[in-house]
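One structure is given here, and the rest of the page talks about it.
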Amino acid sequence: MSDALRLIIGTAGHVDHGKTALVKALTGIDTDRLPEEKRRGITLEAGYAHLSLPGIGVAGVVDVPGHERFLRAMVAAAGGIDVAVLCVAADEGPMPQTAEHLDVLRLLGVRSGVIALTKSDLLQGLGPDHRELLLAELGELLLGTFLEAAPIIECSARTGQGLPQLIDAIVTQATAVAPRSELGPLFLPLDRSFAVKGFGTVVTGTLFSGALSVGDEVDLFGNGAEKRGLRVRGVQVHGSAVEESHAGQRTAANLAGIEVRDAPRGAALVQTGSSAAQVLDVEVELLAGAPRPLAQRTRLLAHLGTAQEPCVLALIDRATLEPGGRALAQLRLSRPAAAIAGLRFLLRGDPGKTRKHATTLGGGRVLSVGPRKRRRRDVDALAIQDLAGDDPLVQAERLVLEAGHSGATTQLIAARGAFTRKSAEKALLRLAQTGRAILFDRDGGLYAHATLLQGLQSKVRSRLQAAVPREELRQKIGEPSPKLFAKALAGLQEKGELQADAESVRPPGVSAVSHAPEEETLATILDDAGLEPPRIQDLPGLVDETPQRTQALLKSLVSAGRAVKVSEDFWFGAQPMLTLRRQVLQHLKDHGELDAQSFKELTGLSRKFAIPLLEYFDKERLTLRVGDKRVLRKGGL
């Protein structure tokens with residue numbers, strides 16, 4: 001549909017204030033589709049329609065439930081609204097849900113709208129003072145909100161009064177709305193999924209960010225679902241087939257490779273290679289009318305897109321969030337959810353004794369997706385401040401810094417922060433030009449923060465007292481990726497601070513060691529023996545040397561980084577020990593602890609070798625013995 005706008009108009013307001021009747025009068029579409037809605041005469045689920053706006057095109061329309069028991073459905077639909085139509089019945093005036101819906105719209109980032117004074121055909125019979133009092137109440141409710149100066153249109157779905165004026169007012173508001181970014185990462189929160197005979201599964205939602213085209217491959221996450229590599233068979237906007245839908249449009253997508261049950265409401269379509277996240281950096285606001293302050297680690301309900309997930313609010317820059325205040329925090333969700341930076345969310349929770357249902361307490365915006373868990377300390381508050389600021393270079397630098405040894409790519413920056421692929425690429429190039437980031441893997445497009453590289457170089461300097469095998473040195477400074485390690489060594493070599501080749505790293509002026517034949521023989525014996533070397537008293541006979549000469553050869557091999565003294569009885573080849581060290585580290589990362597029996601099962605060794613090796617790792621401060629078990633010692637990497 002060529003005249004389809006990237007714009008969503010959404011109703012809001014108290015139950016039975018005429019939202020659905022108004023939408024039907026404007027569009028000709030009855031958005032109450034459920035039999036229970038027909039029977040009870042109230043909206044239970046959000047309904048969808050489309051409206052032709054003169055001179056600008058066709059906009060999507062979302063009609064939300066008004067009853068407080070169905071606020072979850074209202075919130076799930078309201079996230080995509082660009083222009084709000086706040087419905088207030090002329091005979092009742094503002095009611096509790098009118099105020100709560102107004103809070104929801106503001107917290108979700110809606111900035112444009114009109115007020116529809118519905119059922120205005122009743123005004124004449126309500127007395128001469130009613131209209132004046134009604135407008136005064138409305139003015140008080142709207143004071144200080146984004147609708148304070150919005151037009152108030154008296155209208156009636158029954159008689160048609162004021163409907164042309166209402167459409168004109170919506171057109172005026174719509175022309176001032178900036179379209180959502182179609183260059184951003186794909187994010188389509190699902191509000192419905194159903195099967196169409198002959199086509200398969202169809203999902204619908206308001207496209208929050210990015211674009212969706214026929215033939216695209218997408219992933220689906222959220223509400224317990226996870227499906228990768230789904231192919232988009234077809235796309236519709238306002239019931240018409242299109243090749244591509246854009247951010248800000250109501251979108252239906254026909255997906256291959258998925259059943260309806262595996263595409264629940266609360267999930268979202270995202271770009272391939274994305275991941276669901278259980279931790280989000282956020283900026284949060286507590287409503288001024290909240291019943292009480294929010295304490296550290298308060299349990300709440302988070303509404304993200306169309307998802308509702310229990311969460312813990314971890315405050316980072318303060319101990320308590322007072323009503324009307326803002327804070328930097330993390331949302332720690334009960335399970336992974338789909339999210340992108342810039343997404344607005346709501347927080348609801350226990351309202352106290354005055355209401356039966358969870359109430360809206362506040363909300364905010366997502367700053368980064370999938371960060372590590374933070375603590376309430378200055379360094380973490382500063383990190384979130386960087387992400388909350390307006391400088392994209394500062395945001396990108398923070399994300400590169402937090403990527404650590406793994407490195408940051410254009411895709412990672414776009415997935416975790418408020419960036420498109422293009423803006424992420426531009427930011428990384430600029431950081432590299434200013435020396436704040438280093439491209440260490442050109443093929444993979446991987447960048448590391450300059451301070452991280454400097455830290456690795458400092459560790460190399462501190463450990464380089466003699467020639468060290470290259471791989472052993474990499475292991476001892478924290479196991480950076482081989483390419484990052486090579487970048488660190490190259491920088492030091494350029495400055496003349498070390499010498500390096502494919503086998504070893506040496507201080508300046510230290511020659512590569514030329515080993516005597518008998519030393520090579522001994523090194524081969526130890527390497528070939530793996531983790532079951534001969535006892536020291538058996539080695540002289542194997543190399544045909546005296547015990548004193550054998551001891552000297554062993555010490556020379558240790559100096560060259562080619563052998564390891566584990567105990568007085570056992571000396572091991574360096575390569576088998578490096579392999580074992582990796583196995584032990586991986587086991588401790590996976591299981592958290594290691595006992596003697598587990599070590600024997602891991603290595604296949606008898607007690608004869610297992611016990612000296614375990615004690616060696618304790619002595620080397622890789623492990624810490626706690627009772628009969630070993631754990632990874634802090635800083636043991």
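The way I read the labels, and the way they are meant: chains A, B, ... in the order of the structure tokens, residue 1 as the first residue of every chain, and ligand 1 as the first ligand shown, with later ones counted on from there.
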- Message: If we count only C-alpha atoms and set the cut-off at 7 Å, which residues sit around stretch 252-269 of chain A, ignoring sequence neighbours fewer than 4 positions away in its own chain? Please answer as a PyMOL selection string.
- Response: chain A and resi 187-195+201-205+218-223+225+230-237+306-308+338
- Message: Which residues are near A:Leu585? Cut-off 12 Å, only C-alpha atoms, ignore same chain within fewer than 6 positions. Put them as a ChimeraX atom specification.
- Response: /A:475-476,478-479,578-579,591-594,599,602,617,622-623,630-633,636-637
Write the residues of the selection above to a file with N, CA, C and O atoms, as a compact mmCIF listing (two decimals), in the first residue's frame.
```txt
# COMPACT_ATOMS: atom_id res chain seq x y z
N GLN A 475 48.55 -17.46 28.30
CA GLN A 475 47.71 -18.06 29.34
C GLN A 475 47.84 -17.29 30.66
O GLN A 475 46.86 -17.05 31.36
N LYS A 476 49.05 -16.88 30.97
CA LYS A 476 49.31 -16.28 32.28
C LYS A 476 48.79 -14.84 32.41
O LYS A 476 48.64 -14.33 33.51
N GLY A 478 45.83 -13.86 31.26
CA GLY A 478 44.37 -13.80 31.20
C GLY A 478 43.74 -14.40 29.97
O GLY A 478 42.55 -14.24 29.74
N GLU A 479 44.52 -15.07 29.15
CA GLU A 479 44.01 -15.74 27.94
C GLU A 479 43.28 -14.81 26.97
O GLU A 479 42.15 -15.09 26.56
N LEU A 578 50.29 -26.84 30.04
CA LEU A 578 49.41 -25.79 29.53
C LEU A 578 48.03 -26.35 29.16
O LEU A 578 46.99 -25.76 29.46
N THR A 579 48.03 -27.52 28.54
CA THR A 579 46.77 -28.17 28.18
C THR A 579 45.97 -28.51 29.43
O THR A 579 44.74 -28.30 29.49
N HIS A 591 31.75 -25.76 36.65
CA HIS A 591 31.21 -26.42 37.84
C HIS A 591 31.47 -25.67 39.14
O HIS A 591 30.86 -25.99 40.16
N GLY A 592 32.40 -24.72 39.13
CA GLY A 592 32.63 -23.91 40.33
C GLY A 592 33.59 -24.52 41.32
O GLY A 592 34.11 -23.81 42.18
N GLU A 593 33.84 -25.84 41.25
CA GLU A 593 34.73 -26.48 42.22
C GLU A 593 35.31 -27.75 41.60
O GLU A 593 34.84 -28.25 40.57
N LEU A 594 36.34 -28.28 42.27
CA LEU A 594 37.03 -29.47 41.77
C LEU A 594 37.58 -30.24 42.97
O LEU A 594 38.29 -29.68 43.80
N PHE A 599 39.08 -34.58 39.59
CA PHE A 599 40.32 -34.32 38.86
C PHE A 599 40.84 -35.60 38.22
O PHE A 599 41.29 -35.60 37.07
N LEU A 602 38.69 -36.31 35.30
CA LEU A 602 38.95 -35.34 34.23
C LEU A 602 40.20 -35.71 33.44
O LEU A 602 40.25 -35.57 32.22
N PHE A 617 48.95 -26.59 41.54
CA PHE A 617 48.04 -25.50 41.16
C PHE A 617 47.67 -24.64 42.36
O PHE A 617 47.45 -23.43 42.23
N LEU A 622 46.58 -20.71 41.28
CA LEU A 622 45.47 -20.85 40.33
C LEU A 622 44.23 -21.29 41.09
O LEU A 622 43.12 -20.80 40.85
N THR A 623 44.41 -22.22 42.04
CA THR A 623 43.29 -22.74 42.83
C THR A 623 43.49 -22.43 44.31
O THR A 623 44.61 -22.20 44.77
N ARG A 630 38.72 -27.77 45.56
CA ARG A 630 39.44 -26.59 45.07
C ARG A 630 38.46 -25.68 44.35
O ARG A 630 37.54 -26.16 43.65
N VAL A 631 38.66 -24.38 44.50
CA VAL A 631 37.90 -23.38 43.75
C VAL A 631 38.90 -22.46 43.06
O VAL A 631 40.08 -22.44 43.40
N LEU A 632 38.42 -21.73 42.08
CA LEU A 632 39.29 -20.80 41.36
C LEU A 632 39.64 -19.64 42.27
O LEU A 632 38.76 -18.97 42.80
N ARG A 633 40.94 -19.44 42.47
CA ARG A 633 41.37 -18.33 43.33
C ARG A 633 41.13 -17.00 42.62
O ARG A 633 41.29 -16.90 41.41
N GLY A 636 43.05 -15.80 39.73
CA GLY A 636 43.78 -16.99 39.30
C GLY A 636 43.95 -17.10 37.80
O GLY A 636 44.77 -17.87 37.33
N LEU A 637 43.13 -16.33 37.04
CA LEU A 637 43.29 -16.36 35.58
C LEU A 637 44.60 -15.74 35.17
O LEU A 637 45.05 -15.96 34.06
```
- Message: So, with only C-alpha atoms as the atoms that count, which of A:Leu166, A:Leu102, A:Ala490, A:Ala241 lies closest to A:Glu148?
- Response: A:Leu102
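You can rank A:Val282, A:Val312, A:Leu553, A:Ala99 by their closest distance to A:Pro517 using only C-alpha atoms, and at the top of that list sits A:Leu553.
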- Would you please give, as number ranges by chain, all residues of stretch 250-465 of chain A that DSSP assigns to alpha helix (DSSP H) based on the backbone? A: 378-388, 392-403, 410-416, 421-433, 450-463
Can you pull out the residues contacting A:Glu472? Cut-off 9 Å, using only C-alpha atoms, and skip same-chain residues under 2 positions away; I want them as an mmCIF file with C-alpha atoms, in the first residue's frame.
```cif
data_model
loop_
_atom_site.group_PDB
_atom_site.id
_atom_site.type_symbol
_atom_site.label_atom_id
_atom_site.label_comp_id
_atom_site.auth_asym_id
_atom_site.auth_seq_id
_atom_site.Cartn_x
_atom_site.Cartn_y
_atom_site.Cartn_z
ATOM 1 C CA VAL A 468 58.896 -17.484 27.913
ATOM 2 C CA PRO A 469 57.009 -19.729 25.497
ATOM 3 C CA ARG A 470 54.510 -17.553 23.654
ATOM 4 C CA ARG A 474 49.239 -15.670 26.802
ATOM 5 C CA GLN A 475 47.706 -18.058 29.339
ATOM 6 C CA LYS A 476 49.306 -16.276 32.281
ATOM 7 C CA ILE A 477 48.029 -12.796 31.364
ATOM 8 C CA SER A 504 58.783 -17.495 22.469
ATOM 9 C CA GLY A 561 59.864 -22.334 29.623
ATOM 10 C CA ALA A 574 55.442 -27.341 29.448
ATOM 11 C CA GLN A 575 52.945 -28.161 26.703
ATOM 12 C CA LEU A 578 49.406 -25.787 29.526
#
```
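Across A:Gly198, A:Pro480, A:Gly184, A:Gly127, the tightest approach to A:Val460 is made by A:Pro480 when counting only C-alpha atoms.
Closest approach to A:Gln271 among A:Ser213, A:Gln97, A:Thr521, A:Gln249: A:Ser213, based on only C-alpha atoms.
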- Query: stretch 113-126 of chain A: which residues within 7 Å, counting only C-alpha atoms, same-chain residues fewer than 6 positions away excluded, as a VMD selection string?
  - Reply: chain A and resid 17 to 18 83 to 91 147 150 to 156 169 to 170 173
Write to file, as a PDB file, in the first residue's frame, the residues of the selection just made, with N, CA, C and O atoms.
```
ATOM      1  N   HIS A  17     -15.883   4.804  27.993  1.00  0.00           N
ATOM      2  CA  HIS A  17     -15.871   6.203  27.581  1.00  0.00           C
ATOM      3  C   HIS A  17     -15.900   6.350  26.056  1.00  0.00           C
ATOM      4  O   HIS A  17     -15.543   7.394  25.526  1.00  0.00           O
ATOM      5  N   GLY A  18     -16.292   5.268  25.366  1.00  0.00           N
ATOM      6  CA  GLY A  18     -16.604   5.381  23.946  1.00  0.00           C
ATOM      7  C   GLY A  18     -15.435   5.235  22.991  1.00  0.00           C
ATOM      8  O   GLY A  18     -15.539   5.654  21.829  1.00  0.00           O
ATOM      9  N   VAL A  83       0.387   9.067  17.933  1.00  0.00           N
ATOM     10  CA  VAL A  83      -0.584  10.121  18.225  1.00  0.00           C
ATOM     11  C   VAL A  83      -1.688   9.511  19.085  1.00  0.00           C
ATOM     12  O   VAL A  83      -2.348   8.557  18.662  1.00  0.00           O
ATOM     13  N   ALA A  84      -1.882  10.054  20.277  1.00  0.00           N
ATOM     14  CA  ALA A  84      -2.888   9.527  21.197  1.00  0.00           C
ATOM     15  C   ALA A  84      -4.208  10.283  21.045  1.00  0.00           C
ATOM     16  O   ALA A  84      -4.216  11.498  20.844  1.00  0.00           O
ATOM     17  N   VAL A  85      -5.290   9.533  21.135  1.00  0.00           N
ATOM     18  CA  VAL A  85      -6.624  10.129  21.228  1.00  0.00           C
ATOM     19  C   VAL A  85      -7.152   9.763  22.612  1.00  0.00           C
ATOM     20  O   VAL A  85      -7.602   8.642  22.840  1.00  0.00           O
ATOM     21  N   LEU A  86      -7.047  10.702  23.543  1.00  0.00           N
ATOM     22  CA  LEU A  86      -7.495  10.470  24.918  1.00  0.00           C
ATOM     23  C   LEU A  86      -9.002  10.707  24.967  1.00  0.00           C
ATOM     24  O   LEU A  86      -9.468  11.837  24.767  1.00  0.00           O
ATOM     25  N   CYS A  87      -9.746   9.649  25.225  1.00  0.00           N
ATOM     26  CA  CYS A  87     -11.207   9.726  25.208  1.00  0.00           C
ATOM     27  C   CYS A  87     -11.739   9.976  26.612  1.00  0.00           C
ATOM     28  O   CYS A  87     -11.421   9.218  27.549  1.00  0.00           O
ATOM     29  N   VAL A  88     -12.532  11.014  26.753  1.00  0.00           N
ATOM     30  CA  VAL A  88     -13.162  11.369  28.029  1.00  0.00           C
ATOM     31  C   VAL A  88     -14.646  11.554  27.761  1.00  0.00           C
ATOM     32  O   VAL A  88     -15.039  12.401  26.947  1.00  0.00           O
ATOM     33  N   ALA A  89     -15.468  10.750  28.433  1.00  0.00           N
ATOM     34  CA  ALA A  89     -16.911  10.846  28.218  1.00  0.00           C
ATOM     35  C   ALA A  89     -17.448  12.140  28.803  1.00  0.00           C
ATOM     36  O   ALA A  89     -17.144  12.497  29.956  1.00  0.00           O
ATOM     37  N   ALA A  90     -18.260  12.860  28.007  1.00  0.00           N
ATOM     38  CA  ALA A  90     -18.781  14.157  28.441  1.00  0.00           C
ATOM     39  C   ALA A  90     -19.667  14.040  29.662  1.00  0.00           C
ATOM     40  O   ALA A  90     -19.755  14.975  30.470  1.00  0.00           O
ATOM     41  N   ASP A  91     -20.336  12.906  29.829  1.00  0.00           N
ATOM     42  CA  ASP A  91     -21.252  12.786  30.970  1.00  0.00           C
ATOM     43  C   ASP A  91     -20.546  12.414  32.266  1.00  0.00           C
ATOM     44  O   ASP A  91     -21.074  12.649  33.352  1.00  0.00           O
ATOM     45  N   LEU A 147      -0.234  16.693  26.802  1.00  0.00           N
ATOM     46  CA  LEU A 147      -1.535  17.065  26.224  1.00  0.00           C
ATOM     47  C   LEU A 147      -2.078  18.382  26.783  1.00  0.00           C
ATOM     48  O   LEU A 147      -3.229  18.729  26.521  1.00  0.00           O
ATOM     49  N   ALA A 150      -3.150  20.448  23.981  1.00  0.00           N
ATOM     50  CA  ALA A 150      -3.783  19.702  22.886  1.00  0.00           C
ATOM     51  C   ALA A 150      -5.221  20.171  22.674  1.00  0.00           C
ATOM     52  O   ALA A 150      -5.902  20.581  23.622  1.00  0.00           O
ATOM     53  N   PRO A 151      -5.704  20.092  21.425  1.00  0.00           N
ATOM     54  CA  PRO A 151      -7.086  20.487  21.155  1.00  0.00           C
ATOM     55  C   PRO A 151      -8.084  19.531  21.809  1.00  0.00           C
ATOM     56  O   PRO A 151      -7.840  18.327  21.889  1.00  0.00           O
ATOM     57  N   ILE A 152      -9.175  20.080  22.297  1.00  0.00           N
ATOM     58  CA  ILE A 152     -10.269  19.284  22.870  1.00  0.00           C
ATOM     59  C   ILE A 152     -11.431  19.343  21.888  1.00  0.00           C
ATOM     60  O   ILE A 152     -11.981  20.408  21.620  1.00  0.00           O
ATOM     61  N   ILE A 153     -11.786  18.189  21.347  1.00  0.00           N
ATOM     62  CA  ILE A 153     -12.811  18.125  20.305  1.00  0.00           C
ATOM     63  C   ILE A 153     -14.068  17.465  20.867  1.00  0.00           C
ATOM     64  O   ILE A 153     -14.028  16.305  21.310  1.00  0.00           O
ATOM     65  N   GLU A 154     -15.158  18.208  20.872  1.00  0.00           N
ATOM     66  CA  GLU A 154     -16.435  17.638  21.300  1.00  0.00           C
ATOM     67  C   GLU A 154     -16.990  16.808  20.148  1.00  0.00           C
ATOM     68  O   GLU A 154     -17.156  17.302  19.026  1.00  0.00           O
ATOM     69  N   CYS A 155     -17.246  15.518  20.417  1.00  0.00           N
ATOM     70  CA  CYS A 155     -17.670  14.634  19.334  1.00  0.00           C
ATOM     71  C   CYS A 155     -18.634  13.576  19.843  1.00  0.00           C
ATOM     72  O   CYS A 155     -18.758  13.353  21.061  1.00  0.00           O
ATOM     73  N   SER A 156     -19.280  12.908  18.906  1.00  0.00           N
ATOM     74  CA  SER A 156     -20.232  11.854  19.248  1.00  0.00           C
ATOM     75  C   SER A 156     -20.188  10.787  18.168  1.00  0.00           C
ATOM     76  O   SER A 156     -20.409  11.073  16.979  1.00  0.00           O
ATOM     77  N   ALA A 169      -7.811  17.525  13.509  1.00  0.00           N
ATOM     78  CA  ALA A 169      -6.878  17.695  14.628  1.00  0.00           C
ATOM     79  C   ALA A 169      -5.831  16.586  14.630  1.00  0.00           C
ATOM     80  O   ALA A 169      -4.635  16.827  14.905  1.00  0.00           O
ATOM     81  N   ILE A 170      -6.251  15.361  14.315  1.00  0.00           N
ATOM     82  CA  ILE A 170      -5.293  14.237  14.254  1.00  0.00           C
ATOM     83  C   ILE A 170      -4.285  14.470  13.139  1.00  0.00           C
ATOM     84  O   ILE A 170      -3.075  14.225  13.306  1.00  0.00           O
ATOM     85  N   GLN A 173      -1.619  16.902  14.249  1.00  0.00           N
ATOM     86  CA  GLN A 173      -0.659  16.271  15.162  1.00  0.00           C
ATOM     87  C   GLN A 173       0.250  15.296  14.414  1.00  0.00           C
ATOM     88  O   GLN A 173       1.453  15.231  14.664  1.00  0.00           O
TER      89      GLN A 173
END
```
- Calculate how many Å separate atom CA of A:Leu315 from atom CA of A:Ala341, rounding to one decimal. 18.4 Å
- Item | A:Gly435, A:Pro507, A:Gly627, A:Gly407 ranked by distance to A:Phe485, top pick (using only C-alpha atoms) |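 So, comparing all the options, the nearest one is A:Gly407.
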Skipping near chain neighbours, those fewer than 2 positions away, what residues fall within 12 Å of A:Gly210 using only C-alpha atoms, listed as an mmCIF file with N, CA, C and O atoms, in the first residue's frame?
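Once everything was written out, this is selection.cif:
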```cif
data_model
loop_
_atom_site.group_PDB
_atom_site.id
_atom_site.type_symbol
_atom_site.label_atom_id
_atom_site.label_comp_id
_atom_site.auth_asym_id
_atom_site.auth_seq_id
_atom_site.Cartn_x
_atom_site.Cartn_y
_atom_site.Cartn_z
ATOM 1 N N ARG A 6 3.841 5.685 8.155
ATOM 2 C CA ARG A 6 4.581 5.093 9.269
ATOM 3 C C ARG A 6 4.103 5.776 10.541
ATOM 4 O O ARG A 6 4.819 6.512 11.194
ATOM 5 N N PRO A 179 9.166 10.232 12.095
ATOM 6 C CA PRO A 179 9.015 8.784 11.902
ATOM 7 C C PRO A 179 10.065 8.004 12.686
ATOM 8 O O PRO A 179 11.169 8.482 12.936
ATOM 9 N N ARG A 180 9.699 6.789 13.078
ATOM 10 C CA ARG A 180 10.635 5.910 13.767
ATOM 11 C C ARG A 180 11.738 5.472 12.801
ATOM 12 O O ARG A 180 11.562 5.493 11.594
ATOM 13 N N SER A 181 12.858 5.024 13.347
ATOM 14 C CA SER A 181 14.016 4.685 12.513
ATOM 15 C C SER A 181 13.843 3.327 11.847
ATOM 16 O O SER A 181 13.693 2.310 12.520
ATOM 17 N N GLU A 182 13.880 3.319 10.514
ATOM 18 C CA GLU A 182 13.871 2.057 9.790
ATOM 19 C C GLU A 182 15.293 1.552 9.563
ATOM 20 O O GLU A 182 15.492 0.464 9.027
ATOM 21 N N LEU A 183 16.296 2.342 9.964
ATOM 22 C CA LEU A 183 17.685 1.922 9.845
ATOM 23 C C LEU A 183 18.162 1.185 11.090
ATOM 24 O O LEU A 183 19.229 0.578 11.089
ATOM 25 N N GLY A 184 17.379 1.275 12.158
ATOM 26 C CA GLY A 184 17.756 0.623 13.403
ATOM 27 C C GLY A 184 17.583 -0.884 13.325
ATOM 28 O O GLY A 184 17.131 -1.437 12.323
ATOM 29 N N PRO A 185 17.920 -1.594 14.411
ATOM 30 C CA PRO A 185 17.762 -3.051 14.422
ATOM 31 C C PRO A 185 16.286 -3.431 14.367
ATOM 32 O O PRO A 185 15.431 -2.734 14.921
ATOM 33 N N LEU A 186 15.982 -4.532 13.703
ATOM 34 C CA LEU A 186 14.599 -5.006 13.611
ATOM 35 C C LEU A 186 14.056 -5.306 15.000
ATOM 36 O O LEU A 186 14.686 -6.000 15.787
ATOM 37 N N PHE A 187 12.847 -4.780 15.286
ATOM 38 C CA PHE A 187 12.178 -5.101 16.549
ATOM 39 C C PHE A 187 10.678 -5.025 16.317
ATOM 40 O O PHE A 187 10.108 -3.943 16.193
ATOM 41 N N LEU A 188 10.049 -6.195 16.233
ATOM 42 C CA LEU A 188 8.608 -6.300 16.006
ATOM 43 C C LEU A 188 7.995 -7.100 17.155
ATOM 44 O O LEU A 188 7.968 -8.332 17.133
ATOM 45 N N THR A 206 3.159 -3.959 15.914
ATOM 46 C CA THR A 206 3.586 -2.644 15.436
ATOM 47 C C THR A 206 5.098 -2.653 15.329
ATOM 48 O O THR A 206 5.792 -2.911 16.315
ATOM 49 N N LEU A 207 5.614 -2.417 14.133
ATOM 50 C CA LEU A 207 7.060 -2.456 13.910
ATOM 51 C C LEU A 207 7.702 -1.257 14.606
ATOM 52 O O LEU A 207 7.530 -0.115 14.185
ATOM 53 N N PHE A 208 8.418 -1.528 15.690
ATOM 54 C CA PHE A 208 8.992 -0.468 16.520
ATOM 55 C C PHE A 208 10.237 0.130 15.880
ATOM 56 O O PHE A 208 10.476 1.328 15.938
ATOM 57 N N LEU A 212 11.052 -4.797 7.632
ATOM 58 C CA LEU A 212 10.848 -6.230 7.451
ATOM 59 C C LEU A 212 10.445 -6.474 6.002
ATOM 60 O O LEU A 212 9.450 -5.906 5.529
ATOM 61 N N SER A 213 11.211 -7.314 5.300
ATOM 62 C CA SER A 213 10.980 -7.550 3.880
ATOM 63 C C SER A 213 10.664 -9.009 3.613
ATOM 64 O O SER A 213 11.092 -9.908 4.357
ATOM 65 N N GLU A 244 7.850 -4.715 1.649
ATOM 66 C CA GLU A 244 8.585 -4.309 2.853
ATOM 67 C C GLU A 244 7.709 -3.436 3.723
ATOM 68 O O GLU A 244 6.996 -2.565 3.227
ATOM 69 N N SER A 245 7.739 -3.682 5.026
ATOM 70 C CA SER A 245 7.087 -2.779 5.986
ATOM 71 C C SER A 245 8.176 -2.013 6.730
ATOM 72 O O SER A 245 9.318 -2.475 6.848
ATOM 73 N N HIS A 246 7.792 -0.852 7.245
ATOM 74 C CA HIS A 246 8.769 0.051 7.861
ATOM 75 C C HIS A 246 8.373 0.379 9.300
ATOM 76 O O HIS A 246 7.205 0.240 9.684
ATOM 77 N N ALA A 247 9.371 0.822 10.073
ATOM 78 C CA ALA A 247 9.123 1.191 11.471
ATOM 79 C C ALA A 247 7.972 2.180 11.551
ATOM 80 O O ALA A 247 7.907 3.144 10.787
ATOM 81 N N GLY A 248 7.046 1.920 12.496
ATOM 82 C CA GLY A 248 5.888 2.781 12.671
ATOM 83 C C GLY A 248 4.651 2.277 11.964
ATOM 84 O O GLY A 248 3.611 2.944 11.989
ATOM 85 N N GLN A 249 4.713 1.082 11.360
ATOM 86 C CA GLN A 249 3.555 0.532 10.659
ATOM 87 C C GLN A 249 3.055 -0.735 11.346
ATOM 88 O O GLN A 249 3.841 -1.546 11.828
ATOM 89 N N THR A 251 2.076 -4.312 11.158
ATOM 90 C CA THR A 251 2.670 -5.269 10.229
ATOM 91 C C THR A 251 2.182 -6.679 10.532
ATOM 92 O O THR A 251 2.110 -7.084 11.704
ATOM 93 N N LEU A 269 10.043 -10.394 16.891
ATOM 94 C CA LEU A 269 10.932 -10.693 15.779
ATOM 95 C C LEU A 269 12.117 -9.738 15.838
ATOM 96 O O LEU A 269 11.929 -8.518 15.987
ATOM 97 N N VAL A 270 13.330 -10.283 15.725
ATOM 98 C CA VAL A 270 14.556 -9.483 15.810
ATOM 99 C C VAL A 270 15.497 -9.921 14.695
ATOM 100 O O VAL A 270 15.305 -10.965 14.073
ATOM 101 N N GLN A 271 16.531 -9.123 14.460
ATOM 102 C CA GLN A 271 17.480 -9.449 13.399
ATOM 103 C C GLN A 271 18.261 -10.706 13.762
ATOM 104 O O GLN A 271 18.482 -10.999 14.943
ATOM 105 N N ILE A 340 15.644 -3.811 22.758
ATOM 106 C CA ILE A 340 16.675 -3.027 22.081
ATOM 107 C C ILE A 340 16.854 -1.723 22.849
ATOM 108 O O ILE A 340 15.940 -1.276 23.554
ATOM 109 N N ALA A 414 25.598 -2.272 17.672
ATOM 110 C CA ALA A 414 24.220 -2.013 17.259
ATOM 111 C C ALA A 414 23.236 -2.837 18.072
ATOM 112 O O ALA A 414 22.126 -2.374 18.377
ATOM 113 N N PHE A 419 22.243 2.218 18.459
ATOM 114 C CA PHE A 419 22.949 2.467 17.197
ATOM 115 C C PHE A 419 22.318 1.668 16.067
ATOM 116 O O PHE A 419 21.812 0.564 16.282
ATOM 117 N N THR A 420 22.385 2.234 14.871
ATOM 118 C CA THR A 420 22.162 1.448 13.668
ATOM 119 C C THR A 420 23.491 0.815 13.280
ATOM 120 O O THR A 420 24.550 1.177 13.824
ATOM 121 N N ARG A 421 23.466 -0.119 12.325
ATOM 122 C CA ARG A 421 24.733 -0.711 11.877
ATOM 123 C C ARG A 421 25.651 0.378 11.320
ATOM 124 O O ARG A 421 26.855 0.386 11.574
#
```
- Residues at most 8 Å from stretch 497-499 of chain A, counting only C-alpha atoms, excluding those fewer than 5 positions away in the same chain, as a VMD selection string? chain A and resid 489 492 505 to 510
- Query: For the atom pair atom CA of A:Gly47 and atom CA of A:Leu346, what is the interatomic distance in Å to one decimal place?
  - Reply: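 Between atom CA of A:Gly47 and atom CA of A:Leu346 the gap works out to 20.6 Å.
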- Item | Pairwise distance for atom CA of A:Leu542 and atom CA of A:Asp527, rounded to one decimal in Å |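 So the answer is 13.8 Å.
The environment of A:Gln551 within 12 Å, counting only C-alpha atoms and disregarding residues fewer than 3 places along the same chain, consists of Glu519, Leu522, Ile536, Gln537, Asp538, Leu539, Pro540, Val543, Glu545, Thr546, Pro547, Gln548, Leu554, Lys555, Ser556, Leu557, Val558, Lys565, Glu568, Asp569, Phe570 and Trp571 of chain A.
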- Find the residue from A:Ser598, A:Thr550, A:Ser406, A:Gln385 that sits nearest to A:Pro482; use only C-alpha atoms when measuring.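 With only C-alpha atoms as the atom set, the closest residue is A:Ser406.
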